[in-house]
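Q: Sharing a structure below in structure tokens format, with a few things to ask.
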Amino acid sequence: MSNSTVLGVVLLTRHGDRQGFYQSPTTYTATSTAITPLGNQQEYQLGQLLRSIYLNSSSDSVISGMNATLADQKQIKIRADGGGEGGVIFNSAVSLTQGLFPASSDYSTTLANGSTIEGPLSGYQYIPIESVEADNDVSLEGWTSCGTFDDHTNAFYNSSVFAAKEEESAEFLNDLKPYLDGRPVTLSNMWNIYDYMNVDNIHSASFMDNLPDTFIQQARALADWHEYGVFSDSSLDGIGNIAARTMLPSIFDAFTSITAADSDESLKFMYLSMSYKPFLSLFNMTKAAEMNPALEGIVNYAAAVTLEVRAASNGGEPVLRFNFKNGTDDTTFRTYNILDHDGDIPLSTFVNFLQPAAINDTAEWCAICRNTEDRGCAALSLAASQASVHQVIGPVGAGFLGAGLTLFVALVMLGVLDFLGVLTVGKGRSRSKKFVEEKA
């Protein structure tokens, strides 16, 4: 694969290690949790790795024209999911940016009196991060409060393939009961089972010591199967892919900005910080999982995808390179083939294939999810109902109504003008005379 010039990068990351967490098996509404120092370190180290790849002048993949010392806000855009997991995802983005753009003595200013002031914490760089609140923006959390997605999830639980997997895993699930502190031990609750085990296996020495050797791997395998079944779909625009479908417009907008002009002032680096769910849908939609079955599962903490926009070696349109690093399991990024192509693909091929499935705004999301109440849908429903009331009046009725309003306004204006003495009708002369006599 050629080492062509990198014009810009879209980065997708999962948050770092966190405390315990629960989400509904049927609606995927979630409880709040908190990031751990381990999670902060995972993200910080990922930021350092990204810096060595994309901001190092000696790297084959350095981003052309990007300021590597001080973050240029015109070149960087960061959006972090502010929904289901509380501040975990946002704080992960903060930690990553600390590694990507470390403190620098260049972050300083010289005052009029000649003194030089360096930013606090040895020149810590404060890089703006947009917190994407789920109540106002569906782009990074498209699955919550979506009735159609809930139906999809329940249909999966009621399918023959799910029943077969339940029968196959029944003995193992029964063996898990002593280790789950009274939690429901069902296949539909498999994500919560695995997450509880994983968190305790990382943070509780007694749990780790007591858990049989293969149990965490077996639970992970079932959770991978479960989550890929929920967050994927057999059709490109299927509701199971909604986690990526709502995210796609942000990616496409970044591509447009990166390729719009060959300028150091243009966007170079778009970063989306999120949960594991959009990865599953994206791997399914791009056929990355079909071509690489190991991707059919939950990505690890601090996992990352980089979508590199590169200049074509032959001078044609830009190309895309799809890279993935599965958290700390991988030491660096690996390039994956997607969309039945080998190696880099034309950027237009990627966009044209996925764009028809994108959910581009809240109104479209509300219609697809049959939601008229939450996440901005109530206001849109009200506006639509008011518009329909206005449309009830037909063309003839509208004509009469318009004529009536015109006559009413004319009569009101005549009355006002007559009161002010501007309009004279019948008694105009005597009124003028009286005014002259009073003035005399």
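The way I read the labels, and the way they are meant: chains A, B, ... in the order of the structure tokens, residue 1 as the first residue of every chain, and ligand 1 as the first ligand shown, with later ones counted on from there.
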Might you pull out every residue within 12 Å of segment 308-320 of chain A, with only C-alpha atoms counted and same-chain residues fewer than 6 positions away left off, and present them as a ChimeraX atom specification?

A: /A:1-12,53-54,60-64,251-252,254-260,262,267-270,333,335-339,341-351

Q: What's the 12 Å shell around segment 373-387 of chain A, counting only C-alpha atoms, without same-chain residues fewer than 3 positions away, as a PyMOL selection string?

A: chain A and resi 83+133-139+141-147+361-370+390-393

Q: A:Glu290, A:Asp175, A:Gly86, A:Ile298: which is nearest Thr29 of chain A, counting only C-alpha atoms?

A: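 Checking each candidate against Thr29 of chain A, we get A:Gly86 as the closest.
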
Q: Counting only C-alpha atoms, which residue out of A:Leu100, A:Ala163, A:Ala244, A:Met208 sits closest to Tyr179 of chain A?

A: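 Comparing A:Leu100, A:Ala163, A:Ala244, A:Met208 against Tyr179 of chain A, the winner is A:Met208.
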
Q: Of the residues A:Phe156, A:Tyr276, A:Phe283, A:Tyr28, which is the one nearest to Leu354 of chain A, using only C-alpha atoms?

A: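 Of A:Phe156, A:Tyr276, A:Phe283, A:Tyr28, the one nearest Leu354 of chain A is A:Phe283, counting only C-alpha atoms.
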
Q: Using only C-alpha atoms for the distances, tell me which of A:Ser169, A:Leu50, A:Thr26, A:Asn113 is nearest to Asn323 of chain A.

A: A:Leu50

Q: Mind pulling up the distance from atom CA of Ser131 of chain A to atom CA of Ala71 of chain A?

A: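 It comes out at 18.7 Å.
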
Q: Of the residues A:Tyr271, A:Phe101, A:Tyr228, A:Tyr196, which is the one nearest to Gly20 of chain A, using only C-alpha atoms?

A: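 Going through A:Tyr271, A:Phe101, A:Tyr228, A:Tyr196 one by one, the smallest distance to Gly20 of chain A is for A:Tyr196.
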